[in-house]
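Trainee: Attaching a single structure in C-alpha coordinates format; questions to follow.
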Amino acid sequence: MEICRRKSAIEISELDPFLAELLRQIPASANPDGAPAAEQRLFSPPTNGKDTELCAEWKMYVEPELRRLFQSATETVADDLEQLNGDEKTFANRTLRIPAKHSDAWLSALNQARLAIAAKNNFTENELNDHFRSPIGSRRDLSLFQVNFYGFLQEFILREQED
(Lines give C-alpha, C1' and ligand atoms only; values in the text may rest on other atoms or scores of the structure.)
Protein backbone atom coordinates (compact mmCIF):
# COMPACT_ATOMS: atom_id res chain seq x y z
CA MET A 1 0.00 0.00 0.00
CA GLU A 2 1.21 3.47 -0.87
CA ILE A 3 -0.34 6.66 0.39
CA CYS A 4 0.48 10.15 -0.85
CA ARG A 5 -0.95 13.52 -1.75
CA ARG A 6 -1.67 14.09 -5.44
CA LYS A 7 -2.95 17.54 -6.33
CA SER A 8 -6.18 18.02 -4.37
CA ALA A 9 -6.61 14.43 -3.21
CA ILE A 10 -5.09 11.85 -0.94
CA GLU A 11 -4.31 8.79 -2.99
CA ILE A 12 -4.08 5.33 -1.48
CA SER A 13 -2.71 3.01 -4.14
CA GLU A 14 -1.58 -0.61 -4.29
CA LEU A 15 -4.49 -1.53 -2.00
CA ASP A 16 -4.64 -5.29 -1.79
CA PRO A 17 -8.09 -6.92 -1.44
CA PHE A 18 -7.69 -7.33 2.34
CA LEU A 19 -6.99 -3.65 3.02
CA ALA A 20 -9.62 -2.59 0.48
CA GLU A 21 -12.15 -4.68 2.42
CA LEU A 22 -11.12 -3.07 5.72
CA LEU A 23 -11.70 0.32 4.12
CA ARG A 24 -15.12 -0.74 2.82
CA GLN A 25 -16.02 -1.67 6.40
CA ILE A 26 -15.56 1.86 7.77
CA PRO A 27 -19.24 2.90 7.50
CA ALA A 28 -20.54 -0.31 9.09
CA SER A 29 -17.84 -0.25 11.77
CA ALA A 30 -18.71 3.35 12.67
CA ASN A 31 -22.33 2.40 13.34
CA PRO A 32 -22.86 1.91 17.10
CA ASP A 33 -26.42 0.58 16.78
CA GLY A 34 -27.02 -2.52 18.86
CA ALA A 35 -23.87 -1.98 20.92
CA PRO A 36 -24.61 0.01 24.09
CA ALA A 37 -20.90 0.35 24.92
CA ALA A 38 -20.23 1.93 21.52
CA GLU A 39 -23.28 4.23 21.86
CA GLN A 40 -22.03 5.30 25.28
CA ARG A 41 -18.52 5.94 23.96
CA LEU A 42 -19.64 8.00 20.96
CA PHE A 43 -22.41 9.94 22.70
CA SER A 44 -21.15 10.20 26.28
CA PRO A 45 -22.72 13.05 28.26
CA PRO A 46 -20.47 15.89 29.42
CA THR A 47 -20.73 15.17 33.16
CA ASN A 48 -20.77 11.36 33.32
CA GLY A 49 -24.36 11.53 34.56
CA LYS A 50 -23.60 13.62 37.66
CA ASP A 51 -25.62 16.65 36.54
CA THR A 52 -28.89 15.11 35.39
CA GLU A 53 -30.31 18.38 34.07
CA LEU A 54 -27.26 19.07 31.92
CA CYS A 55 -27.26 15.46 30.71
CA ALA A 56 -30.92 15.72 29.72
CA GLU A 57 -30.23 18.94 27.78
CA TRP A 58 -27.21 17.29 26.15
CA LYS A 59 -29.33 14.33 25.05
CA MET A 60 -32.06 16.62 23.71
CA TYR A 61 -30.01 19.31 21.96
CA VAL A 62 -26.46 18.09 21.33
CA GLU A 63 -26.75 14.37 20.69
CA PRO A 64 -29.15 14.66 17.70
CA GLU A 65 -26.78 17.09 15.99
CA LEU A 66 -23.80 14.83 16.72
CA ARG A 67 -25.68 11.91 15.19
CA ARG A 68 -26.46 14.00 12.11
CA LEU A 69 -22.83 15.10 11.74
CA PHE A 70 -21.55 11.56 12.23
CA GLN A 71 -24.05 10.20 9.69
CA SER A 72 -23.13 12.87 7.15
CA ALA A 73 -19.41 12.07 7.52
CA THR A 74 -20.08 8.35 7.16
CA GLU A 75 -22.16 8.93 4.03
CA THR A 76 -19.36 10.99 2.46
CA VAL A 77 -16.88 8.19 3.18
CA ALA A 78 -19.29 5.56 1.82
CA ASP A 79 -19.62 7.58 -1.39
CA ASP A 80 -15.83 7.84 -1.74
CA LEU A 81 -15.50 4.10 -1.12
CA GLU A 82 -17.65 3.35 -4.17
CA GLN A 83 -14.35 3.52 -6.09
CA LEU A 84 -13.37 0.21 -4.51
CA ASN A 85 -16.45 -1.63 -5.72
CA GLY A 86 -16.21 -3.73 -8.81
CA ASP A 87 -15.07 -7.13 -9.95
CA GLU A 88 -14.10 -8.88 -6.72
CA LYS A 89 -12.91 -11.95 -8.60
CA THR A 90 -9.68 -10.22 -9.55
CA PHE A 91 -6.97 -9.82 -6.97
CA ALA A 92 -5.66 -6.70 -8.64
CA ASN A 93 -4.62 -3.94 -6.30
CA ARG A 94 -6.90 -0.92 -6.18
CA THR A 95 -6.50 2.82 -5.83
CA LEU A 96 -8.67 5.08 -3.70
CA ARG A 97 -8.68 8.85 -4.18
CA ILE A 98 -10.02 10.92 -1.30
CA PRO A 99 -10.75 14.54 -2.24
CA ALA A 100 -8.98 16.91 0.15
CA LYS A 101 -12.33 18.58 0.88
CA HIS A 102 -13.53 15.23 2.32
CA SER A 103 -10.64 14.98 4.82
CA ASP A 104 -12.70 16.11 7.80
CA ALA A 105 -15.44 13.58 7.00
CA TRP A 106 -12.82 10.83 6.76
CA LEU A 107 -11.25 11.84 10.08
CA SER A 108 -14.68 11.78 11.71
CA ALA A 109 -15.76 8.43 10.25
CA LEU A 110 -12.41 6.79 11.01
CA ASN A 111 -12.57 8.06 14.59
CA GLN A 112 -16.15 6.84 14.99
CA ALA A 113 -15.15 3.43 13.66
CA ARG A 114 -12.14 3.19 15.96
CA LEU A 115 -14.14 4.18 19.03
CA ALA A 116 -17.01 1.84 18.20
CA ILE A 117 -14.74 -1.14 17.45
CA ALA A 118 -12.74 -0.55 20.64
CA ALA A 119 -15.91 -0.31 22.73
CA LYS A 120 -17.56 -3.36 21.13
CA ASN A 121 -14.42 -5.43 21.81
CA ASN A 122 -13.75 -3.93 25.24
CA PHE A 123 -10.09 -3.36 24.36
CA THR A 124 -7.80 -2.34 27.21
CA GLU A 125 -5.38 0.58 26.98
CA ASN A 126 -2.51 -1.93 26.82
CA GLU A 127 -4.07 -3.68 23.83
CA LEU A 128 -4.73 -0.39 22.05
CA ASN A 129 -1.16 0.76 22.63
CA ASP A 130 0.46 -2.53 21.51
CA HIS A 131 1.19 -1.64 17.88
CA PHE A 132 3.41 -4.66 17.34
CA ARG A 133 0.85 -7.34 18.09
CA SER A 134 0.91 -10.08 15.51
CA PRO A 135 -0.32 -12.30 13.95
CA ILE A 136 -4.05 -12.05 13.38
CA GLY A 137 -5.33 -15.26 14.92
CA SER A 138 -8.88 -14.33 15.89
CA ARG A 139 -11.72 -11.93 15.09
CA ARG A 140 -10.62 -9.86 18.10
CA ASP A 141 -7.07 -9.61 16.70
CA LEU A 142 -8.51 -8.53 13.35
CA SER A 143 -10.58 -5.85 15.09
CA LEU A 144 -7.48 -4.56 16.86
CA PHE A 145 -5.60 -4.48 13.55
CA GLN A 146 -8.55 -2.56 12.07
CA VAL A 147 -8.39 0.05 14.88
CA ASN A 148 -4.65 0.51 14.30
CA PHE A 149 -5.01 0.66 10.51
CA TYR A 150 -7.71 3.32 10.78
CA GLY A 151 -5.48 5.24 13.22
CA PHE A 152 -2.63 5.12 10.71
CA LEU A 153 -4.93 6.60 8.05
CA GLN A 154 -6.08 9.33 10.43
CA GLU A 155 -2.49 10.23 11.17
CA PHE A 156 -1.65 10.54 7.49
CA ILE A 157 -4.73 12.66 6.74
CA LEU A 158 -3.91 14.96 9.66
CA ARG A 159 -0.34 15.41 8.43
CA GLU A 160 -1.62 16.26 4.97
CA GLN A 161 -3.99 18.87 6.40
CA GLU A 162 -1.05 20.57 8.14
CA ASP A 163 0.95 20.93 4.91
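Ordering of the C-alpha coordinates sets the chain letters (A, B, ...); residue numbers start at 1 within each chain; ligands are numbered from 1 in the order shown.
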Taking a cut-off of 12 Å and counting only C-alpha atoms, can you build a table that, for each residue of range 89-148 of chain A near range 61-68 of chain A, reports the nearest atom pair and how far apart they are in Å (one decimal), sorted by chain then residue number, as JSON lines?
Mentor:
{"residue": "A:Ser108", "atom": "CA", "partner": "A:Leu66", "partner_atom": "CA", "distance": 10.8}
{"residue": "A:Ala109", "atom": "CA", "partner": "A:Arg67", "partner_atom": "CA", "distance": 11.6}
{"residue": "A:Gln112", "atom": "CA", "partner": "A:Arg67", "partner_atom": "CA", "distance": 10.8}
Trainee: Residues of chain A classed as strand (DSSP E or B) by DSSP on the backbone are to be reported as a list in words.
Mentor: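 Strand (DSSP E or B) assignments inside chain A correspond to Glu2, Ile3, Cys4, Arg5, Arg6, Ala9, Ile10, Glu11, Ile12, Ser13, Glu14, Leu15, Arg94, Thr95, Leu96, Arg97, Ile98 and Pro99 of chain A.
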Trainee: Within 12 Å of range 159-163 of chain A, counting only C-alpha atoms, which residues qualify if same-chain residues fewer than 3 places away don't, as a ChimeraX atom specification?
Mentor: /A:3-11,98-104,106-107,152-156
Trainee: Set the distance at 9 Å and use only C-alpha atoms: which residues neighbour Asn31 in chain A once local chain neighbours fewer than 3 positions away are removed? I'd like the list as a PyMOL selection string.
Mentor: chain A and resi 26-28+34-35+38-39+71+74+112-113+116
Trainee: Give me, as a list in words, the residues of range 97-139 of chain A that a backbone DSSP run labels alpha helix (DSSP H).
Mentor: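 Selecting the alpha helix (DSSP H) positions of range 97-139 of chain A gives Ser103, Asp104, Ala105, Trp106, Leu107, Ser108, Ala109, Leu110, Asn111, Gln112, Ala113, Arg114, Leu115, Ala116, Ile117, Ala118, Ala119, Lys120, Asn121, Glu125, Asn126, Glu127, Leu128, Asn129 and Arg139 of chain A.
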Trainee: Which residue gives the smallest distance to Leu110 in chain A among A:Tyr150, A:Glu82, A:Asp33, A:Ser72, with only C-alpha atoms counted?
Mentor: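 Among A:Tyr150, A:Glu82, A:Asp33, A:Ser72, it is A:Tyr150 that comes nearest to Leu110 in chain A.
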Trainee: Out of A:Arg97, A:Leu115, A:Thr76, A:Asn121, which residue has the shortest atom-to-atom distance to Ser44 in chain A when counting only C-alpha atoms?
Mentor: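 That would be A:Leu115, the residue with the smallest distance to Ser44 in chain A.
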Trainee: With distances taken over only C-alpha atoms, which residue among A:Leu84, A:Leu69, A:Leu23, A:Ala119 lies nearest Ala37 in chain A?
Mentor: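 Smallest distance to Ala37 in chain A is found for A:Ala119.
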Trainee: For Leu19 in chain A, list every protein, DNA or RNA residue within 12 Å, evaluated using only C-alpha atoms, and leave out those in the same chain fewer than 2 positions away; present the list as a ChimeraX atom specification.
Mentor: /A:1-2,12-17,21-26,84,91,93-96,142,145-146,149-150,153
Trainee: Output N, CA and C atoms for every residue in the selection just made, as a CSV table (one decimal), in the first residue's frame.
Mentor:
chain,number,residue,atom,x,y,z
A,1,MET,N,0.8,-1.2,0.0
A,1,MET,CA,0.0,0.0,0.0
A,1,MET,C,0.9,1.2,0.0
A,2,GLU,N,0.5,2.2,-0.8
A,2,GLU,CA,1.2,3.5,-0.9
A,2,GLU,C,0.2,4.6,-0.6
A,12,ILE,N,-4.5,6.6,-2.1
A,12,ILE,CA,-4.1,5.3,-1.5
A,12,ILE,C,-4.0,4.3,-2.6
A,13,SER,N,-2.8,3.9,-3.0
A,13,SER,CA,-2.7,3.0,-4.1
A,13,SER,C,-2.1,1.7,-3.7
A,14,GLU,N,-2.1,0.7,-4.6
A,14,GLU,CA,-1.6,-0.6,-4.3
A,14,GLU,C,-2.3,-1.2,-3.1
A,15,LEU,N,-3.6,-1.0,-3.1
A,15,LEU,CA,-4.5,-1.5,-2.0
A,15,LEU,C,-4.8,-3.0,-2.3
A,16,ASP,N,-4.3,-3.9,-1.5
A,16,ASP,CA,-4.6,-5.3,-1.8
A,16,ASP,C,-6.1,-5.5,-1.4
A,17,PRO,N,-6.7,-6.7,-1.8
A,17,PRO,CA,-8.1,-6.9,-1.4
A,17,PRO,C,-8.4,-6.9,0.1
A,21,GLU,N,-11.0,-4.2,1.7
A,21,GLU,CA,-12.1,-4.7,2.4
A,21,GLU,C,-12.2,-4.0,3.8
A,22,LEU,N,-11.1,-3.8,4.4
A,22,LEU,CA,-11.1,-3.1,5.7
A,22,LEU,C,-11.6,-1.6,5.5
A,23,LEU,N,-11.2,-1.0,4.4
A,23,LEU,CA,-11.7,0.3,4.1
A,23,LEU,C,-13.2,0.3,3.9
A,24,ARG,N,-13.7,-0.7,3.1
A,24,ARG,CA,-15.1,-0.7,2.8
A,24,ARG,C,-15.9,-0.9,4.1
A,25,GLN,N,-15.3,-1.4,5.1
A,25,GLN,CA,-16.0,-1.7,6.4
A,25,GLN,C,-16.1,-0.4,7.3
A,26,ILE,N,-15.5,0.7,6.9
A,26,ILE,CA,-15.6,1.9,7.8
A,26,ILE,C,-17.0,2.3,8.1
A,84,LEU,N,-13.9,1.5,-4.8
A,84,LEU,CA,-13.4,0.2,-4.5
A,84,LEU,C,-14.3,-0.9,-4.9
A,91,PHE,N,-7.7,-10.2,-8.1
A,91,PHE,CA,-7.0,-9.8,-7.0
A,91,PHE,C,-6.1,-8.6,-7.3
A,93,ASN,N,-4.6,-5.0,-7.3
A,93,ASN,CA,-4.6,-3.9,-6.3
A,93,ASN,C,-5.4,-2.7,-6.8
A,94,ARG,N,-6.0,-2.0,-5.9
A,94,ARG,CA,-6.9,-0.9,-6.2
A,94,ARG,C,-6.3,0.4,-5.8
A,95,THR,N,-6.9,1.5,-6.2
A,95,THR,CA,-6.5,2.8,-5.8
A,95,THR,C,-7.7,3.6,-5.4
A,96,LEU,N,-7.6,4.3,-4.3
A,96,LEU,CA,-8.7,5.1,-3.7
A,96,LEU,C,-8.2,6.5,-3.7
A,142,LEU,N,-8.2,-9.3,14.6
A,142,LEU,CA,-8.5,-8.5,13.4
A,142,LEU,C,-9.1,-7.2,13.7
A,145,PHE,N,-6.3,-4.9,14.7
A,145,PHE,CA,-5.6,-4.5,13.5
A,145,PHE,C,-6.4,-3.4,12.8
A,146,GLN,N,-7.7,-3.5,12.7
A,146,GLN,CA,-8.5,-2.6,12.1
A,146,GLN,C,-8.5,-1.2,12.8
A,149,PHE,N,-5.1,0.2,11.9
A,149,PHE,CA,-5.0,0.7,10.5
A,149,PHE,C,-5.8,2.0,10.3
A,150,TYR,N,-6.9,2.1,10.9
A,150,TYR,CA,-7.7,3.3,10.8
A,150,TYR,C,-7.0,4.5,11.4
A,153,LEU,N,-4.3,5.7,9.1
A,153,LEU,CA,-4.9,6.6,8.0
A,153,LEU,C,-5.3,8.0,8.6
Trainee: Choose the residue, out of A:Gly86, A:Ala20, A:Cys55, A:Ala105, that has the smallest atom-to-atom separation from Ile157 in chain A; count only C-alpha atoms.
Mentor: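 When distances to Ile157 in chain A are compared using only C-alpha atoms, the smallest one comes from A:Ala105.
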Trainee: With only C-alpha atoms as the basis for distance, which of A:Pro45, A:Glu127, A:Arg114, A:Ser138 is at the shortest distance from Glu57 in chain A?
Mentor: A:Pro45
Trainee: When you count only C-alpha atoms, which of these residues is closest to Phe123 in chain A: A:Phe43, A:Leu144, A:Asn111, A:Gly137?
Mentor: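 Looking only at the distances to Phe123 in chain A, the closest residue turns out to be A:Leu144.
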